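Undergrad: I have a structure I would like to understand better, so I am pasting it below and will then ask my questions one at a time.
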4 protein chains.
Amino acid sequence: MTRISKPPKERRKEILDAALELFLKNGYENTSVADIVARLGVAQGLFYYYFKSKEEVYRAALEQYTDDFALRLTALILEDRPFIGKIEMVVKTFEVMFAESEHALMDTLHLAEHIELDNRLSLHVAQLLIEPVTGVLREMNDKGFTRLENTETTATFLIFGIYGLLHGDLEHIHRIAFDTAEVVRLTARVLGVSEEDLKRI
Amino acid sequence: MTRISKPPKERRKEILDAALELFLKNGYENTSVADIVARLGVAQGLFYYYFKSKEEVYRAALEQYTDDFALRLTALILEDRPFIGKIEMVVKTFEVMFAESEHALMDTLHLAEHIELDNRLSLHVAQLLIEPVTGVLREMNDKGFTRLENTETTATFLIFGIYGLLHGDLEHIHRIAFDTAEVVRLTARVLGVSEEDLKRI
Amino acid sequence: MTRISKPPKERRKEILDAALELFLKNGYENTSVADIVARLGVAQGLFYYYFKSKEEVYRAALEQYTDDFALRLTALILEDRPFIGKIEMVVKTFEVMFAESEHALMDTLHLAEHIELDNRLSLHVAQLLIEPVTGVLREMNDKGFTRLENTETTATFLIFGIYGLLHGDLEHIHRIAFDTAEVVRLTARVLGVSEEDLKRI
Amino acid sequence: MTRISKPPKERRKEILDAALELFLKNGYENTSVADIVARLGVAQGLFYYYFKSKEEVYRAALEQYTDDFALRLTALILEDRPFIGKIEMVVKTFEVMFAESEHALMDTLHLAEHIELDNRLSLHVAQLLIEPVTGVLREMNDKGFTRLENTETTATFLIFGIYGLLHGDLEHIHRIAFDTAEVVRLTARVLGVSEEDLKRI
DNA sequence: TATGAATGAGCGTTCATTCAT
DNA sequence: TATGAATGAACGCTCATTCAT
């Protein structure tokens, strides 16, 4: 086979990306190192030049994925924007995440593993959101918009409540049409403000 | 080995139970068919007399587990009891579920797989709860206690919000001390009633 | 492939024997599990039904080999026979051992590893001989034939001296014609008796 | 990496020494070419500029090692010194050799391979000693001190007898306290002279 | 001379599944 | 119904060696 050398960083990224895509599609156990290198058309040994083990790529790939994601979400939350707008951005981004993930799932061969991974990732992301959202709620308390006693608990409840709406149906393959108005109403309640006030914050 | 014949249904149940226990403890990939039959002291071939494949037992085992669980929870919800009491029962049962599952995890060898499985199961159970809780909320609307516009959405939001509080910290190994009063407060808000009224329903 | 079942003991022995032969010929590292099962015409998985690892067969094979050998030699030494006869028997048996081992060495591909293994085995056997020979010398002291001060040291010296004569040339591929008379003469000296007396013991 | 050019002979020697050290410590199979070049901080390809294969360095390294050793021993034997002194020097040098080799063995990871290599080296050295010792014995015959019929056989027997005393216990990790007086006594017997006379030669 | 990314065959091992008894 | 020896494909991983630069 013709030998194509590439800068290490680039090769490493290639492998990482191929691995992530396959892990997302098929899960850890149904993805072999052979699959990963086959996708790149390189020798199996090359994989081990860049990663010490399959486990290592797995960790690296998931970390990159969830961290990127959480970073995007956190940035959106912290941007100067009305509270409602923040909620909407998060919801949209979550929807994009699910869509991306489903797009990767081209066949249903390894559905079970894929769902597991997906759950894990989205749960993880949800957990990572607790901190920044708590910060926003604290700020809202400070500004006198809300009078929440336990901001972290409220943040957690809110995030998972919304997560449930997005993720709620079994296997989330046919998601119910998502109603933003509903989210606003429930959020207003959880925060203890009227919908009208919420829209002004 | 001495050959012990048993009625098919009983044998099938034995295998299913052994499999479930091992899957719960070690995850799918770290449980071999050999492990399952070893636990029962029967021959490897016997397994295939009752199940077409390992995948089949897996599905059967998980289905049995989550369905049993959801059944218990649904029964608790439908029992005649104040609404607050229902919420408390669900919270407690969830806690028991996590504890059981953690108890099964005697070593930390397969922690990653265990967490995945655990997420999957508890998410599944949460999804199964949507229907009965929706029923309860509808009833509460009918009785004039609440005026919810979309009972299913509210049920979903409520269940996942509580789920998040129980499950919210990363890897949920050291769960934050759970505060029931907080749940009551948030639930009251979501339902749009005062805490005092909620306690009377 | 047609499936031939055998009693476990028999199969185990087959595998052990094939493994020993290959280890003797090629050394540990140049013998693959695939080689072993290929020789028997069975599936690779079967190997692991009988042995937990390649290392395990290796240990079992060498133990069997050296122990058998040392047992044969010890028996010869302890048989009631003139001392000279004992020496001769040991010498002959050693020669047979070397011959067997060389016979196994059909090609010279892995000469280095073969020699290593061979050295190791024969050294081991020599070491195992120290004890019984010490016993014989002690008996000779008791009967007044000899007056050795340190029987174990003398036994060790004698055994390795003879071992050297048998093994002395480089790579022991072309062994010098072995002269029993010479052995008798040197033995007599080491024991501090005349050759004539030695022949009478 | 910065590119450092060196005179070929020097580089070759560097590689050879690094290889020898690793082979001595870990054995052939547990030393990779990558290990060798890593120790020198040079590229993998460079290795193949100086040696055609790993096997070739191995042979070269061992040859250098045993030849050096035998040379030192031969020199000691040929120096003008009482016969007893020669024996003692050889014994001591052997002891140093074992000690060096054991010192290299910092961990017990590759004990088995290390023992094999050690056996091989020391046996080899013992074989290389046959020639010079034969020369000494011949000289002693000439001077009328001894009347040995077959000097080479006697030399072999003597060397291996002493070798056995040094090496005799299993795995030679805890060597028995070595008794020089015993060596003198046995040597005297093999040579057919009294201990007193031996000390005067 | 020297680099180091890339190759690819081979290894030990696991395990779901089969089948003769 | 039940046994358990046997199968064989697949897996993660290693490493001596090559070659474009």
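Ordering of the structure tokens sets the chain letters (A, B, ...), residue numbers begin anew at 1 in every chain, and ligands are numbered from 1 in the order given.
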Residues near F:DC13, anyone? I mean within 10 Å using only C-alpha atoms (C1' of nucleotides), not counting same-chain ones fewer than 3 positions away, as JSON, numbers by chain.

TA: {"A": [33, 44, 45, 48, 52, 53, 54], "E": [11, 12]}

Undergrad: Show me, as a ChimeraX atom specification, the residues that have an atom within 8 Å of A:Ile77 when counting only C-alpha atoms (C1' of nucleotides), minus same-chain residues fewer than 6 positions from it.

TA: /A:86-87,89-90,132-133,136

Undergrad: Could you tell me which of D:Lys13, D:Gly164, D:Phe47, D:Lys199 comes closest to chain E if we count only C-alpha atoms (C1' of nucleotides)?

TA: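 Under the stated criterion, the closest residue is D:Phe47.
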
Undergrad: For chain E, report every residue with an atom at most 9 Å from chain B (counting only C-alpha atoms (C1' of nucleotides)), formatted as a count of residues only.

TA: 4

Undergrad: Please, what distance in Å, to one decimal, runs between atom CA of B:Phe51 and atom CA of B:Arg11?

TA: 11.1 Å

Undergrad: Could you please select, counting only C-alpha atoms, the residues of chain D within 6 Å of chain C and state them as a list in words?

TA: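 Residues passing the distance filter: Gln127, Phe157, Phe160, Gly161, Gly164, Arg189 and Val190 of chain D.
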
Undergrad: Output all heavy atoms of each residue in that selection to a file, as a CSV table (one decimal), in the first residue's frame.

TA:
chain,number,residue,atom,x,y,z
D,127,GLN,N,33.0,-23.2,28.6
D,127,GLN,CA,33.5,-23.9,27.5
D,127,GLN,C,34.8,-23.3,26.9
D,127,GLN,O,35.7,-23.9,26.5
D,127,GLN,CB,32.4,-24.0,26.4
D,127,GLN,CG,31.4,-25.0,26.8
D,127,GLN,CD,30.1,-24.8,26.1
D,127,GLN,OE1,29.9,-23.8,25.5
D,127,GLN,NE2,29.2,-25.8,26.1
D,157,PHE,N,36.7,-31.6,33.0
D,157,PHE,CA,36.1,-32.1,34.2
D,157,PHE,C,36.3,-31.2,35.4
D,157,PHE,O,35.3,-30.9,36.1
D,157,PHE,CB,36.7,-33.5,34.5
D,157,PHE,CG,36.1,-34.2,35.7
D,157,PHE,CD1,35.0,-35.1,35.4
D,157,PHE,CD2,36.5,-34.1,36.9
D,157,PHE,CE1,34.4,-35.8,36.5
D,157,PHE,CE2,36.0,-34.8,38.0
D,157,PHE,CZ,34.9,-35.7,37.7
D,160,PHE,N,34.1,-27.8,34.9
D,160,PHE,CA,32.7,-28.0,35.1
D,160,PHE,C,32.4,-28.4,36.5
D,160,PHE,O,31.3,-28.1,37.1
D,160,PHE,CB,32.1,-29.0,34.1
D,160,PHE,CG,31.7,-28.3,32.8
D,160,PHE,CD1,32.7,-28.1,31.8
D,160,PHE,CD2,30.5,-27.8,32.6
D,160,PHE,CE1,32.4,-27.4,30.7
D,160,PHE,CE2,30.1,-27.1,31.5
D,160,PHE,CZ,31.1,-26.9,30.5
D,161,GLY,N,33.3,-29.1,37.1
D,161,GLY,CA,33.1,-29.5,38.6
D,161,GLY,C,33.0,-28.2,39.4
D,161,GLY,O,32.1,-28.0,40.2
D,164,GLY,N,30.0,-26.3,38.7
D,164,GLY,CA,28.8,-26.9,39.4
D,164,GLY,C,28.8,-26.4,40.8
D,164,GLY,O,27.7,-26.1,41.3
D,189,ARG,N,42.7,-33.9,44.2
D,189,ARG,CA,42.4,-35.2,43.8
D,189,ARG,C,42.3,-35.5,42.3
D,189,ARG,O,42.8,-36.5,41.8
D,189,ARG,CB,41.0,-35.6,44.5
D,189,ARG,CG,41.1,-35.7,46.0
D,189,ARG,CD,39.9,-36.2,46.6
D,189,ARG,NE,40.1,-36.6,48.0
D,189,ARG,CZ,39.1,-36.9,48.8
D,189,ARG,NH1,37.9,-36.9,48.4
D,189,ARG,NH2,39.4,-37.2,50.0
D,190,VAL,N,41.6,-34.5,41.7
D,190,VAL,CA,41.5,-34.7,40.2
D,190,VAL,C,42.9,-34.7,39.5
D,190,VAL,O,43.1,-35.5,38.6
D,190,VAL,CB,40.6,-33.6,39.6
D,190,VAL,CG1,40.7,-33.6,38.1
D,190,VAL,CG2,39.2,-33.8,40.0

Undergrad: Using only C-alpha atoms (C1' of nucleotides), determine which residues lie at most 12 Å from F:DC19, disregarding the query and same-chain residues fewer than 3 positions distant; provide the list as a PyMOL selection string.

TA: (chain A and resi 2-5) or (chain D and resi 45+48) or (chain E and resi 3-7)

Undergrad: Could you save those same residues with all heavy atoms as a compact mmCIF listing (two decimals), in the first residue's frame?

TA:
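Dumped everything to selection_25.txt:
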# COMPACT_ATOMS: atom_id res chain seq x y z
N THR A 2 0.47 2.20 -0.79
CA THR A 2 1.27 3.43 -0.81
C THR A 2 1.25 4.09 0.56
O THR A 2 0.25 4.13 1.24
CB THR A 2 0.72 4.43 -1.85
OG1 THR A 2 -0.69 4.36 -1.82
CG2 THR A 2 1.22 4.10 -3.23
N ARG A 3 2.40 4.61 0.90
CA ARG A 3 2.64 5.11 2.24
C ARG A 3 2.45 6.61 2.26
O ARG A 3 3.17 7.34 1.58
CB ARG A 3 4.09 4.76 2.60
CG ARG A 3 4.48 4.94 4.01
CD ARG A 3 5.94 4.59 4.16
NE ARG A 3 6.15 3.17 4.24
CZ ARG A 3 6.78 2.59 5.27
NH1 ARG A 3 7.27 3.31 6.25
NH2 ARG A 3 6.94 1.31 5.29
N ILE A 4 1.50 7.09 3.00
CA ILE A 4 1.27 8.53 3.09
C ILE A 4 1.54 9.04 4.49
O ILE A 4 0.81 8.72 5.42
CB ILE A 4 -0.17 8.89 2.68
CG1 ILE A 4 -0.41 8.42 1.24
CG2 ILE A 4 -0.43 10.37 2.82
CD1 ILE A 4 -1.81 8.61 0.75
N SER A 5 2.59 9.82 4.60
CA SER A 5 2.94 10.38 5.91
C SER A 5 2.20 11.70 6.12
O SER A 5 2.03 12.47 5.18
CB SER A 5 4.44 10.64 5.96
OG SER A 5 5.06 9.81 6.90
N GLY D 45 15.00 4.04 12.70
CA GLY D 45 15.62 3.67 11.44
C GLY D 45 17.13 3.54 11.53
O GLY D 45 17.74 2.74 10.83
N TYR D 48 18.81 0.16 11.91
CA TYR D 48 18.97 -0.71 10.76
C TYR D 48 20.07 -0.24 9.81
O TYR D 48 20.36 -0.89 8.82
CB TYR D 48 17.62 -0.88 10.04
CG TYR D 48 16.70 -1.73 10.88
CD1 TYR D 48 15.86 -1.15 11.84
CD2 TYR D 48 16.72 -3.11 10.77
CE1 TYR D 48 15.05 -1.93 12.63
CE2 TYR D 48 15.91 -3.89 11.56
CZ TYR D 48 15.08 -3.30 12.49
OH TYR D 48 14.29 -4.08 13.27
P DT E 3 18.71 10.72 14.61
OP1 DT E 3 18.70 11.69 15.70
OP2 DT E 3 18.90 9.29 14.88
O5' DT E 3 17.37 10.89 13.78
C5' DT E 3 17.00 12.19 13.32
C4' DT E 3 15.69 12.10 12.59
O4' DT E 3 15.86 11.31 11.41
C3' DT E 3 14.57 11.41 13.39
O3' DT E 3 13.64 12.41 13.75
C2' DT E 3 14.00 10.36 12.44
C1' DT E 3 14.60 10.72 11.09
N1 DT E 3 14.89 9.58 10.17
C2 DT E 3 14.21 9.48 8.97
O2 DT E 3 13.34 10.26 8.64
N3 DT E 3 14.58 8.41 8.18
C4 DT E 3 15.55 7.47 8.46
O4 DT E 3 15.80 6.57 7.67
C5 DT E 3 16.23 7.64 9.72
C7 DT E 3 17.30 6.68 10.12
C6 DT E 3 15.87 8.67 10.50
P DG E 4 12.85 12.32 15.09
OP1 DG E 4 12.44 13.68 15.47
OP2 DG E 4 13.56 11.47 16.06
O5' DG E 4 11.57 11.54 14.56
C5' DG E 4 10.84 12.08 13.47
C4' DG E 4 9.82 11.06 13.00
O4' DG E 4 10.48 10.10 12.14
C3' DG E 4 9.18 10.21 14.11
O3' DG E 4 7.87 9.86 13.70
C2' DG E 4 10.02 8.96 14.10
C1' DG E 4 10.19 8.80 12.61
N9 DG E 4 11.24 7.90 12.21
C8 DG E 4 12.27 7.41 12.97
N7 DG E 4 13.06 6.58 12.32
C5 DG E 4 12.52 6.55 11.04
C6 DG E 4 12.93 5.83 9.90
O6 DG E 4 13.89 5.07 9.78
N1 DG E 4 12.09 6.07 8.81
C2 DG E 4 10.99 6.90 8.83
N2 DG E 4 10.30 7.00 7.71
N3 DG E 4 10.60 7.57 9.90
C4 DG E 4 11.41 7.35 10.96
P DA E 5 6.63 10.57 14.31
OP1 DA E 5 6.89 12.00 14.50
OP2 DA E 5 6.23 9.73 15.45
O5' DA E 5 5.56 10.40 13.15
C5' DA E 5 5.73 11.09 11.92
C4' DA E 5 5.33 10.20 10.76
O4' DA E 5 6.33 9.19 10.52
C3' DA E 5 4.01 9.46 10.94
O3' DA E 5 3.36 9.49 9.67
C2' DA E 5 4.44 8.05 11.32
C1' DA E 5 5.73 7.88 10.55
N9 DA E 5 6.73 7.00 11.16
C8 DA E 5 7.17 7.00 12.46
N7 DA E 5 8.10 6.10 12.70
C5 DA E 5 8.29 5.48 11.48
C6 DA E 5 9.16 4.43 11.07
N6 DA E 5 10.02 3.83 11.88
N1 DA E 5 9.10 4.05 9.77
C2 DA E 5 8.23 4.67 8.96
N3 DA E 5 7.38 5.67 9.22
C4 DA E 5 7.46 6.02 10.52
P DA E 6 1.94 8.80 9.50
OP1 DA E 6 1.26 9.50 8.41
OP2 DA E 6 1.31 8.66 10.83
O5' DA E 6 2.36 7.36 8.99
C5' DA E 6 2.84 7.23 7.66
C4' DA E 6 3.08 5.76 7.36
O4' DA E 6 4.14 5.28 8.21
C3' DA E 6 1.87 4.84 7.64
O3' DA E 6 1.49 4.24 6.41
C2' DA E 6 2.38 3.83 8.66
C1' DA E 6 3.89 3.93 8.51
N9 DA E 6 4.62 3.62 9.73
C8 DA E 6 4.48 4.20 10.96
N7 DA E 6 5.28 3.72 11.88
C5 DA E 6 6.01 2.74 11.21
C6 DA E 6 7.03 1.86 11.62
N6 DA E 6 7.52 1.81 12.86
N1 DA E 6 7.54 1.02 10.69
C2 DA E 6 7.06 1.06 9.44
N3 DA E 6 6.10 1.84 8.94
C4 DA E 6 5.61 2.68 9.88
P DT E 7 0.37 3.18 6.38
OP1 DT E 7 -0.23 3.29 5.05
OP2 DT E 7 -0.44 3.26 7.60
O5' DT E 7 1.21 1.83 6.44
C5' DT E 7 2.22 1.63 5.48
C4' DT E 7 2.88 0.28 5.70
O4' DT E 7 3.58 0.28 6.96
C3' DT E 7 1.89 -0.88 5.80
O3' DT E 7 2.15 -1.76 4.72
C2' DT E 7 2.14 -1.52 7.16
C1' DT E 7 3.51 -1.00 7.53
N1 DT E 7 3.76 -0.82 8.98
C2 DT E 7 4.77 -1.55 9.58
O2 DT E 7 5.44 -2.38 8.99
N3 DT E 7 4.94 -1.29 10.91
C4 DT E 7 4.23 -0.38 11.68
O4 DT E 7 4.50 -0.23 12.86
C5 DT E 7 3.19 0.34 10.99
C7 DT E 7 2.36 1.35 11.73
C6 DT E 7 3.01 0.09 9.69

Undergrad: Run DSSP on the backbone and give me the residues of chain B it puts in alpha helix (DSSP H), as an MDAnalysis selection string.

TA: chainID B and resid 8:26 33:40 44:50 54:78 83:104 111:142 151:167 180:191 195:200

Undergrad: Give as a PyMOL selection string every residue of chain F that touches chain B within 9 Å, counting only C-alpha atoms (C1' of nucleotides).

TA: chain F and resi 1-4

Undergrad: Can you measure atom CA of D:Thr180 to atom CA of D:Gly85 for me? One decimal in Å is fine.

TA: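 Between these atoms lies a distance of 11.0 Å.
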
Undergrad: Identify which of the residues D:Arg59, D:Leu76, D:Leu129, D:Thr31 lies closest to F:DT14, counting only C-alpha atoms (C1' of nucleotides) when measuring atom-to-atom distances.

TA: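 With only C-alpha atoms (C1' of nucleotides) as the atom set, the closest residue is D:Thr31.
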